[in-house]
Amino acid sequence: MENLIRKTSPGDRRLAKSIMQLLKRHSSVALTIDRKQVKLPKGLVKLLTQIFSMIADNKSVAVLAAEMEVTTQDAADILNFSRPYVVRLLEEGKIPFRKVGKHRRMRLADVLAYDKKVRRQMEKGLKLLTQQAQDLKWGYV
């Protein structure tokens, strides 16, 4: 996966914060290029607001196509797992993949869907543990 992420300067972050605040305040947004104006659809304005918000918070941002294919190492980096563990997940059928020669490739959308599923399961487990600790009066709130 080509590295499209770059560090932002404090000036970039201030500008991103200003743009984000403008986008949040206005229901209609238009882009002007060479005196030509194009009204942006609400979905695109929402996406741009999220991007500028992340930049303002000094977070790394990458915009990638969901249909893009990633390697097992890319998937491991995204999921914060080891590459061998990702291969095991693929072989167990937990993430769809295809083979290109002897290499495995997954759709980025499938990797992100698996990540979302795992996070939901973790949150449910944590809520259950928290509730059990409260029921047992272990001093957790």
# chains A, B, ... in the order shown; residues from 1 in each chain; ligands from 1

call {"tool": "closest_atom_pairs", "arguments": {"of": "stretch 12-78 of chain A", "to": "stretch 86-96 of chain A", "cutoff": "10 Å", "atoms": "only C-alpha atoms", "output": "Markdown table"}}
result
| residue | atom | partner | partner_atom | distance |
| --- | --- | --- | --- | --- |
| A:Thr72 | CA | A:Val86 | CA | 6.5 |
| A:Gln73 | CA | A:Val86 | CA | 8.2 |
| A:Asp74 | CA | A:Val86 | CA | 9.9 |
| A:Ala75 | CA | A:Val86 | CA | 7.1 |
| A:Ala76 | CA | A:Val86 | CA | 6.0 |
| A:Asp77 | CA | A:Val86 | CA | 9.8 |

call {"tool": "write_last_selection", "arguments": {"atoms": "C-alpha atoms", "output": "PDB file, in the first residue's frame"}}
result
ATOM      1  CA  THR A  72      -1.497  -9.708   4.509  1.00  0.00           C
ATOM      2  CA  GLN A  73       1.099  -7.302   5.934  1.00  0.00           C
ATOM      3  CA  ASP A  74      -1.116  -4.287   5.135  1.00  0.00           C
ATOM      4  CA  ALA A  75      -4.054  -6.033   6.855  1.00  0.00           C
ATOM      5  CA  ALA A  76      -1.859  -6.859   9.861  1.00  0.00           C
ATOM      6  CA  ASP A  77      -0.838  -3.196  10.123  1.00  0.00           C
TER       7      ASP A  77
END

call {"tool": "residues_around", "arguments": {"residues": "A:Leu44", "least_positions_apart": "4", "cutoff": "12 Å", "atoms": "only C-alpha atoms", "output": "ChimeraX atom specification"}}
result
/A:23,28-31,39-40,48-51

call {"tool": "write_last_selection", "arguments": {"atoms": "C-alpha atoms", "output": "CSV table (one decimal), in the first residue's frame"}}
result
chain,number,residue,atom,x,y,z
A,23,LEU,CA,-18.2,23.5,7.2
A,28,SER,CA,-24.7,24.9,1.9
A,29,VAL,CA,-21.1,24.6,0.8
A,30,ALA,CA,-19.7,25.4,-2.6
A,31,LEU,CA,-16.2,25.1,-4.0
A,39,LYS,CA,-22.2,23.1,-4.8
A,40,LEU,CA,-21.0,20.1,-2.7
A,48,LEU,CA,-14.6,16.7,4.4
A,49,THR,CA,-15.6,17.9,7.9
A,50,GLN,CA,-14.5,14.6,9.4
A,51,ILE,CA,-11.2,14.8,7.4

call {"tool": "select_by_dssp", "arguments": {"residues": "chain A", "states": "strand (DSSP E or B)", "output": "list in words"}}
result
Val29, Ala30, Leu31, Thr32, Ile33, Lys36, Gln37, Val38, Lys39, Leu40, Glu69, Val70, Arg98, Lys99, Val100, His103, Arg104, Arg105, Met106 and Arg107 of chain A

call {"tool": "select_by_dssp", "arguments": {"residues": "chain A", "states": "alpha helix (DSSP H)", "output": "ChimeraX atom specification"}}
result
/A:10-25,42-56,72-79,83-91,108-135

call {"tool": "write_last_selection", "arguments": {"atoms": "C-alpha atoms", "output": "PDB file, in the first residue's frame"}}
result
ATOM      1  CA  PRO A  10       0.846  23.553  13.158  1.00  0.00           C
ATOM      2  CA  GLY A  11      -0.278  25.936  10.400  1.00  0.00           C
ATOM      3  CA  ASP A  12      -1.983  23.068   8.549  1.00  0.00           C
ATOM      4  CA  ARG A  13      -3.784  22.080  11.733  1.00  0.00           C
ATOM      5  CA  ARG A  14      -4.973  25.642  12.425  1.00  0.00           C
ATOM      6  CA  LEU A  15      -6.244  25.973   8.850  1.00  0.00           C
ATOM      7  CA  ALA A  16      -7.967  22.582   9.046  1.00  0.00           C
ATOM      8  CA  LYS A  17      -9.684  23.636  12.285  1.00  0.00           C
ATOM      9  CA  SER A  18     -10.933  26.874  10.676  1.00  0.00           C
ATOM     10  CA  ILE A  19     -12.233  25.031   7.612  1.00  0.00           C
ATOM     11  CA  MET A  20     -13.880  22.367   9.778  1.00  0.00           C
ATOM     12  CA  GLN A  21     -15.674  25.037  11.830  1.00  0.00           C
ATOM     13  CA  LEU A  22     -16.889  26.773   8.649  1.00  0.00           C
ATOM     14  CA  LEU A  23     -18.156  23.483   7.225  1.00  0.00           C
ATOM     15  CA  LYS A  24     -20.047  22.721  10.447  1.00  0.00           C
ATOM     16  CA  ARG A  25     -21.706  26.172  10.513  1.00  0.00           C
ATOM     17  CA  LYS A  42     -24.145  17.031   2.031  1.00  0.00           C
ATOM     18  CA  GLY A  43     -22.450  13.609   2.165  1.00  0.00           C
ATOM     19  CA  LEU A  44     -19.238  15.039   0.751  1.00  0.00           C
ATOM     20  CA  VAL A  45     -19.379  18.006   3.139  1.00  0.00           C
ATOM     21  CA  LYS A  46     -19.750  15.575   6.053  1.00  0.00           C
ATOM     22  CA  LEU A  47     -16.741  13.555   4.831  1.00  0.00           C
ATOM     23  CA  LEU A  48     -14.624  16.693   4.406  1.00  0.00           C
ATOM     24  CA  THR A  49     -15.645  17.877   7.888  1.00  0.00           C
ATOM     25  CA  GLN A  50     -14.465  14.568   9.357  1.00  0.00           C
ATOM     26  CA  ILE A  51     -11.168  14.752   7.449  1.00  0.00           C
ATOM     27  CA  PHE A  52     -10.455  18.336   8.505  1.00  0.00           C
ATOM     28  CA  SER A  53     -11.433  17.494  12.089  1.00  0.00           C
ATOM     29  CA  MET A  54      -8.892  14.666  12.198  1.00  0.00           C
ATOM     30  CA  ILE A  55      -6.175  16.867  10.699  1.00  0.00           C
ATOM     31  CA  ALA A  56      -6.985  19.602  13.241  1.00  0.00           C
ATOM     32  CA  THR A  72      -1.497  -9.708   4.509  1.00  0.00           C
ATOM     33  CA  GLN A  73       1.099  -7.302   5.934  1.00  0.00           C
ATOM     34  CA  ASP A  74      -1.116  -4.287   5.135  1.00  0.00           C
ATOM     35  CA  ALA A  75      -4.054  -6.033   6.855  1.00  0.00           C
ATOM     36  CA  ALA A  76      -1.859  -6.859   9.861  1.00  0.00           C
ATOM     37  CA  ASP A  77      -0.838  -3.196  10.123  1.00  0.00           C
ATOM     38  CA  ILE A  78      -4.460  -2.017   9.868  1.00  0.00           C
ATOM     39  CA  LEU A  79      -5.723  -4.538  12.434  1.00  0.00           C
ATOM     40  CA  ARG A  83       0.955 -11.149   9.815  1.00  0.00           C
ATOM     41  CA  PRO A  84       0.877 -14.872  10.740  1.00  0.00           C
ATOM     42  CA  TYR A  85      -2.296 -14.277  12.781  1.00  0.00           C
ATOM     43  CA  VAL A  86      -3.925 -12.523   9.793  1.00  0.00           C
ATOM     44  CA  VAL A  87      -2.997 -15.515   7.588  1.00  0.00           C
ATOM     45  CA  ARG A  88      -4.657 -17.803  10.143  1.00  0.00           C
ATOM     46  CA  LEU A  89      -7.826 -15.654  10.076  1.00  0.00           C
ATOM     47  CA  LEU A  90      -7.866 -15.930   6.285  1.00  0.00           C
ATOM     48  CA  GLU A  91      -7.394 -19.693   6.327  1.00  0.00           C
ATOM     49  CA  LEU A 108      -9.787  -3.191   2.246  1.00  0.00           C
ATOM     50  CA  ALA A 109     -13.553  -3.066   2.914  1.00  0.00           C
ATOM     51  CA  ASP A 110     -13.472  -6.676   4.171  1.00  0.00           C
ATOM     52  CA  VAL A 111     -10.521  -5.977   6.483  1.00  0.00           C
ATOM     53  CA  LEU A 112     -12.253  -2.880   7.883  1.00  0.00           C
ATOM     54  CA  ALA A 113     -15.530  -4.806   8.329  1.00  0.00           C
ATOM     55  CA  TYR A 114     -13.670  -7.482  10.313  1.00  0.00           C
ATOM     56  CA  ASP A 115     -12.027  -4.774  12.436  1.00  0.00           C
ATOM     57  CA  LYS A 116     -15.429  -3.224  13.171  1.00  0.00           C
ATOM     58  CA  LYS A 117     -16.897  -6.640  14.090  1.00  0.00           C
ATOM     59  CA  VAL A 118     -14.020  -7.404  16.485  1.00  0.00           C
ATOM     60  CA  ARG A 119     -14.286  -3.975  18.116  1.00  0.00           C
ATOM     61  CA  ARG A 120     -18.038  -4.452  18.672  1.00  0.00           C
ATOM     62  CA  GLN A 121     -17.385  -7.835  20.294  1.00  0.00           C
ATOM     63  CA  MET A 122     -14.708  -6.326  22.544  1.00  0.00           C
ATOM     64  CA  GLU A 123     -17.034  -3.506  23.603  1.00  0.00           C
ATOM     65  CA  LYS A 124     -19.801  -5.994  24.435  1.00  0.00           C
ATOM     66  CA  GLY A 125     -17.349  -8.051  26.486  1.00  0.00           C
ATOM     67  CA  LEU A 126     -16.092  -4.994  28.357  1.00  0.00           C
ATOM     68  CA  LYS A 127     -19.646  -3.873  29.127  1.00  0.00           C
ATOM     69  CA  LEU A 128     -20.439  -7.341  30.467  1.00  0.00           C
ATOM     70  CA  LEU A 129     -17.309  -7.383  32.639  1.00  0.00           C
ATOM     71  CA  THR A 130     -18.074  -3.897  33.940  1.00  0.00           C
ATOM     72  CA  GLN A 131     -21.636  -4.911  34.787  1.00  0.00           C
ATOM     73  CA  GLN A 132     -20.430  -8.056  36.576  1.00  0.00           C
ATOM     74  CA  ALA A 133     -17.901  -6.038  38.578  1.00  0.00           C
ATOM     75  CA  GLN A 134     -20.638  -3.595  39.589  1.00  0.00           C
ATOM     76  CA  ASP A 135     -23.013  -6.444  40.513  1.00  0.00           C
TER      77      ASP A 135
END

call {"tool": "atom_distance", "arguments": {"atom1": "atom CA of A:Thr71", "atom2": "atom CA of A:Met106"}}
result
6.7 Å

call {"tool": "atom_distance", "arguments": {"atom1": "atom CA of A:Val38", "atom2": "atom CA of A:His26"}}
result
15.2 Å

call {"tool": "atom_distance", "arguments": {"atom1": "atom CA of A:Val63", "atom2": "atom CA of A:Arg98"}}
result
23.2 Å

call {"tool": "closest_residue", "arguments": {"among": "A:Ala62, A:Phe81, A:Val70, A:Leu136", "to": "A:Arg104", "atoms": "only C-alpha atoms"}}
result
A:Val70

call {"tool": "closest_residue", "arguments": {"among": "A:Arg107, A:Val100, A:Ile33, A:Lys7", "to": "A:Val61", "atoms": "only C-alpha atoms"}}
result
A:Lys7

call {"tool": "closest_residue", "arguments": {"among": "A:Trp138, A:Ser27, A:Glu67, A:Ser82", "to": "A:Arg105", "atoms": "only C-alpha atoms"}}
result
A:Glu67
